[in-house]
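Participant: Attaching a single structure in structure tokens format; questions to follow.
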Amino acid sequence: MKIEKELILFEKEQSFKIHTPSFRNYFFWHYHPEIELVYVEAINGISHVGKHISGFVGSYLVLIGPNIPHLNFDYGIETEYKQIVVQLHENFPENTIISTPEFENIKNLLERSHLGFSFHGKTKEKAVEKLKTIQNLKSFDRLLGLIDILNILANSDEFEQLNNEDTRVKFFLNDKVRMGTVYNYIHENYDKNPDVNAVAEMVHLSTSAFCRYFKKQTNMTFTDFVNQYRINQAKTLLLCDVSVAEIAYNVGFESISYFNKLFKNLVGETPTEFKKKNKVN
């Protein structure tokens with residue numbers, strides 16, 4: 001479960017690949033030299049790109065630059081979901097974009113993609129509509145459709161930059177600790193009382209060494225990570241017919257007031273507001 005380099009195979013005379021992979025609950029912490037655009041439709045999910053960790057609800061559109069460590073976006077999803085992944089050949093920017101003056105904005109987007117970008121609002125709607133359409137087109141029309149999508153993203157201000165520093169593998173701390181072990185432990189124990197000493201022992205580090213490592217890898221303390229994981233699980237339960245108080249206890253909080261406060265700090269709204277806004281009819 002250490003970080004893996006994914007080998008992406010392209011068909012002959014293919015400059016990019018579009019497919020719908022499904023990993024389900026498989027933990028795939030990986031990187032590759034290809035730029036990747038990922039769209040996921042799900043009730044709830046986790047985004048871990050470089051050092052950025054967050055949850056998403058409903059759908060998520062993200063652009064990931066070359067050699068950025070990231071987790072598969074369907075990790076931990078237990079409900080039905082849809083996923084579309086576009087992977088650009090390693091030479092795609094140089095052969096298709098950089099040499100064409102009219103693509104200057106796209107060039108700038110791809111050059112900054114090592115920071116990771118998630119898109120929202122009308123930008124996401126327009127890009128996803130075209131993304132769903134180009135899957136069924138012939139190669140030339142599919143390429144034109146992809147250029148159109150990249151142009152929409154490149155000229156948008158509806159995005160979030162995921163990292164403030166370069167997290168490419170050559171700059172990134174080597175993953176000597178098995179992140180999969182950490183995720184699995186938290187997934188099994190988030191509703192109880194996760195023990196940093198126990199997980200440190202599982203990955204063969206002293207507690208202090210593990211805490212330093214974990215903070216460098218994620219920009220978060222272990223406690224902050226557990227709480228964010230709990231809040232992400234709570235989002236899924238809030239979409240069901242379960243009371244806020246019951247959800248707070250189900251995901252491991254002993255204090256409802258603390259759960260409400262932390263939820264608002266991390267999500268930007270109270271659990272009740274979130275539940276009302278995302279209620280499924």
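Convention: chains lettered A, B, ... in structure tokens order; per-chain residue numbering from 1; ligands numbered from 1 as shown.
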Residues of stretch 78-118 of chain A that approach stretch 12-32 of chain A to 12 Å or less, counting only C-alpha atoms: could you list each one with the shortest pair of atoms and its distance in Å to one decimal, rows by chain and increasing residue number, as CSV?
Facilitator:
```
residue,atom,partner,partner_atom,distance
A:Glu78,CA,A:Arg24,CA,7.5
A:Thr79,CA,A:Arg24,CA,9.4
A:Glu80,CA,A:Arg24,CA,9.6
A:Tyr81,CA,A:Ser22,CA,9.1
A:Lys82,CA,A:Thr20,CA,7.7
A:Gln83,CA,A:Thr20,CA,5.4
A:Ile84,CA,A:Thr20,CA,4.7
A:Val85,CA,A:His19,CA,5.5
A:Val86,CA,A:Ile18,CA,4.4
A:Gln87,CA,A:Lys17,CA,5.1
A:Leu88,CA,A:Phe16,CA,4.4
A:His89,CA,A:Phe16,CA,5.2
A:Glu90,CA,A:Ser15,CA,8.6
A:Asn91,CA,A:Ser15,CA,8.0
A:Phe92,CA,A:Ser15,CA,6.1
A:Pro93,CA,A:Ser15,CA,9.8
A:Glu94,CA,A:Ser15,CA,11.2
A:Asn95,CA,A:Ser15,CA,9.1
A:Thr96,CA,A:Ser15,CA,8.8
A:Ile97,CA,A:Ser15,CA,11.7
A:His114,CA,A:Tyr31,CA,11.6
```
Participant: Name the residues in contact with stretch 268-274 of chain A at a cut-off of 9 Å, using only C-alpha atoms, excluding same-chain residues fewer than 4 positions from it; report them as a PyMOL selection string.
Facilitator: chain A and resi 234-235+238-239+244+259-264+278-279
Participant: Could you write out, as a VMD selection string, all the residues of stretch 156-201 of chain A that DSSP marks as helix (DSSP H, G or I)?
Facilitator: chain A and resid 179 to 189 196 to 201
Participant: Include N, CA and C atoms and write out the residues we just selected as a compact mmCIF listing (two decimals), in the first residue's frame.
Facilitator:
```txt
# COMPACT_ATOMS: atom_id res chain seq x y z
N MET A 179 0.45 4.79 3.78
CA MET A 179 -0.74 5.62 3.98
C MET A 179 -2.00 4.76 3.99
N GLY A 180 -1.99 3.68 3.24
CA GLY A 180 -3.15 2.80 3.23
C GLY A 180 -3.45 2.24 4.61
N THR A 181 -2.40 1.93 5.37
CA THR A 181 -2.58 1.44 6.73
C THR A 181 -3.23 2.49 7.60
N VAL A 182 -2.80 3.74 7.42
CA VAL A 182 -3.37 4.85 8.21
C VAL A 182 -4.85 5.02 7.87
N TYR A 183 -5.17 5.07 6.58
CA TYR A 183 -6.56 5.23 6.15
C TYR A 183 -7.43 4.07 6.66
N ASN A 184 -6.93 2.86 6.52
CA ASN A 184 -7.70 1.69 6.95
C ASN A 184 -7.97 1.71 8.45
N TYR A 185 -6.95 2.10 9.21
CA TYR A 185 -7.12 2.17 10.66
C TYR A 185 -8.18 3.21 11.03
N ILE A 186 -8.10 4.38 10.40
CA ILE A 186 -9.07 5.44 10.71
C ILE A 186 -10.47 5.02 10.28
N HIS A 187 -10.58 4.38 9.11
CA HIS A 187 -11.89 3.94 8.63
C HIS A 187 -12.52 2.95 9.60
N GLU A 188 -11.70 2.10 10.20
CA GLU A 188 -12.22 1.09 11.12
C GLU A 188 -12.49 1.65 12.51
N ASN A 189 -11.87 2.80 12.85
CA ASN A 189 -11.94 3.27 14.24
C ASN A 189 -12.42 4.71 14.41
N VAL A 196 -3.37 7.52 18.24
CA VAL A 196 -2.21 7.82 17.42
C VAL A 196 -1.04 6.90 17.77
N ASN A 197 -0.96 6.47 19.02
CA ASN A 197 0.11 5.55 19.42
C ASN A 197 -0.03 4.20 18.73
N ALA A 198 -1.27 3.75 18.59
CA ALA A 198 -1.52 2.46 17.95
C ALA A 198 -1.17 2.50 16.47
N VAL A 199 -1.58 3.56 15.77
CA VAL A 199 -1.31 3.63 14.34
C VAL A 199 0.17 3.86 14.09
N ALA A 200 0.85 4.59 14.96
CA ALA A 200 2.30 4.78 14.83
C ALA A 200 3.03 3.45 14.94
N GLU A 201 2.58 2.63 15.88
CA GLU A 201 3.17 1.30 16.05
C GLU A 201 2.91 0.42 14.82
```
Participant: Using DSSP on the backbone coordinates, identify the residues of stretch 49-180 of chain A assigned to strand (DSSP E); present them as a ChimeraX atom specification.
Facilitator: /A:49,52-64,70-71,82-88,117-119,159-161
Participant: Expressed in Å to a single decimal, how great is the separation between atom CA of A:Ile3 and atom CA of A:Phe117?
Facilitator: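 Distance reported for this atom pair: 21.2 Å.
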Participant: In terms of the shortest atom-to-atom distance over only C-alpha atoms, which of A:Val128, A:Asn164, A:Ser47, A:Leu205 is closest to A:Asn219?
Facilitator: A:Asn164
Participant: With only C-alpha atoms as the basis for distance, which of A:Asn72, A:Thr133, A:Ser99, A:Ser54 is at the shortest distance from A:Asn227?
Facilitator: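 The answer is A:Ser54, which sits nearest to A:Asn227.
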Participant: Figure out the distance between atom CA of A:Gln233 and atom CA of A:Leu131, please, to one decimal in Å.
Facilitator: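 Computing the Euclidean distance for atom CA of A:Leu131 and atom CA of A:Gln233 yields 28.6 Å.
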Participant: For A:Phe214, please output as a PDB file with C-alpha atoms, in the first residue's frame all residues within 10 Å (counting only C-alpha atoms; exclusion window: fewer than 3 positions along the same chain).
Facilitator:
```pdb
ATOM      1  CA  VAL A 177       4.879   5.094   5.738  1.00  0.00           C
ATOM      2  CA  MET A 179      -0.738   5.617   3.977  1.00  0.00           C
ATOM      3  CA  VAL A 182      -3.368   4.846   8.206  1.00  0.00           C
ATOM      4  CA  ALA A 200       2.301   4.785  14.833  1.00  0.00           C
ATOM      5  CA  SER A 208       6.642  11.615  17.745  1.00  0.00           C
ATOM      6  CA  ALA A 209       8.221  10.519  14.426  1.00  0.00           C
ATOM      7  CA  PHE A 210       4.826   9.515  13.051  1.00  0.00           C
ATOM      8  CA  CYS A 211       3.270  12.851  14.046  1.00  0.00           C
ATOM      9  CA  GLN A 217       2.542  14.646   4.319  1.00  0.00           C
ATOM     10  CA  THR A 218      -0.887  16.203   4.898  1.00  0.00           C
ATOM     11  CA  ASN A 219      -0.420  19.632   6.532  1.00  0.00           C
ATOM     12  CA  MET A 220      -2.705  18.262   9.261  1.00  0.00           C
ATOM     13  CA  THR A 221      -2.299  16.713  12.674  1.00  0.00           C
ATOM     14  CA  PHE A 222      -3.573  13.173  13.134  1.00  0.00           C
ATOM     15  CA  PHE A 225      -7.384  14.348  10.009  1.00  0.00           C
TER      16      PHE A 225
END
```
Participant: Could you state the separation of atom CA of A:Asp224 and atom CA of A:Glu246 in Å, given to one decimal place?
Facilitator: 21.5 Å
Participant: Quick one: everything within 9 Å of A:Ile77, counting only C-alpha atoms, minus sequence neighbours fewer than 6 positions away in the same chain. Send it as an NGL selection string.
Facilitator: :A and (24-25 or 42-46)
Participant: Output all heavy atoms for every residue in that selection, as a compact mmCIF listing (two decimals), in the first residue's frame.
Facilitator:
```
# COMPACT_ATOMS: atom_id res chain seq x y z
N ARG A 24 -13.79 1.04 -6.44
CA ARG A 24 -14.59 0.80 -5.24
C ARG A 24 -13.78 1.11 -3.99
O ARG A 24 -13.24 2.18 -3.86
CB ARG A 24 -15.13 -0.63 -5.23
CG ARG A 24 -16.40 -0.80 -6.05
CD ARG A 24 -17.53 0.01 -5.44
NE ARG A 24 -18.73 -0.02 -6.28
CZ ARG A 24 -19.84 0.63 -5.97
NH1 ARG A 24 -19.89 1.35 -4.88
NH2 ARG A 24 -20.88 0.58 -6.77
N ASN A 25 -13.64 0.13 -3.07
CA ASN A 25 -12.98 0.42 -1.81
C ASN A 25 -11.48 0.12 -1.84
O ASN A 25 -10.85 0.06 -0.78
CB ASN A 25 -13.65 -0.37 -0.68
CG ASN A 25 -15.00 0.21 -0.30
OD1 ASN A 25 -15.15 1.42 -0.25
ND2 ASN A 25 -15.97 -0.64 -0.07
N ALA A 42 -21.18 11.22 -6.91
CA ALA A 42 -21.40 10.33 -5.77
C ALA A 42 -22.09 11.11 -4.66
O ALA A 42 -21.99 12.33 -4.60
CB ALA A 42 -20.09 9.76 -5.26
N ILE A 43 -22.76 10.40 -3.78
CA ILE A 43 -23.39 11.07 -2.64
C ILE A 43 -22.34 11.80 -1.83
O ILE A 43 -22.53 12.92 -1.37
CB ILE A 43 -24.13 10.04 -1.75
CG1 ILE A 43 -25.37 9.51 -2.49
CG2 ILE A 43 -24.54 10.65 -0.42
CD1 ILE A 43 -26.13 8.45 -1.72
N ASN A 44 -21.18 11.17 -1.70
CA ASN A 44 -20.13 11.73 -0.85
C ASN A 44 -18.82 11.04 -1.18
O ASN A 44 -18.81 9.88 -1.59
CB ASN A 44 -20.49 11.50 0.63
CG ASN A 44 -19.61 12.28 1.56
OD1 ASN A 44 -19.10 13.33 1.19
ND2 ASN A 44 -19.43 11.80 2.78
N GLY A 45 -17.69 11.75 -1.06
CA GLY A 45 -16.41 11.13 -1.33
C GLY A 45 -15.26 11.90 -0.71
O GLY A 45 -15.45 12.96 -0.10
N ILE A 46 -14.05 11.37 -0.89
CA ILE A 46 -12.84 11.96 -0.33
C ILE A 46 -11.92 12.40 -1.46
O ILE A 46 -11.73 11.68 -2.44
CB ILE A 46 -12.09 10.95 0.56
CG1 ILE A 46 -12.93 10.58 1.78
CG2 ILE A 46 -10.74 11.51 1.00
CD1 ILE A 46 -12.35 9.44 2.60
```
Participant: Which residue, A:Val169, A:Ile147, A:Met202, A:Val57, has the smallest gap to A:Pro33 when you use only C-alpha atoms?
Facilitator: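 Under the stated criterion, the closest residue is A:Val169.
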Participant: Report as an MDAnalysis selection string all protein, DNA and RNA residues lying within 9 Å of A:Arg230, evaluated on only C-alpha atoms, omitting residues in the same chain fewer than 6 positions from it.
Facilitator: chainID A and resid 190:191 248 251:253
Participant: Quick one: residues within 10 Å of A:Gly50, only C-alpha atoms, excluding same-chain residues fewer than 5 positions away - as a ChimeraX atom specification?
Facilitator: /A:31,64,67-71,114-116,162-169,172,217-218
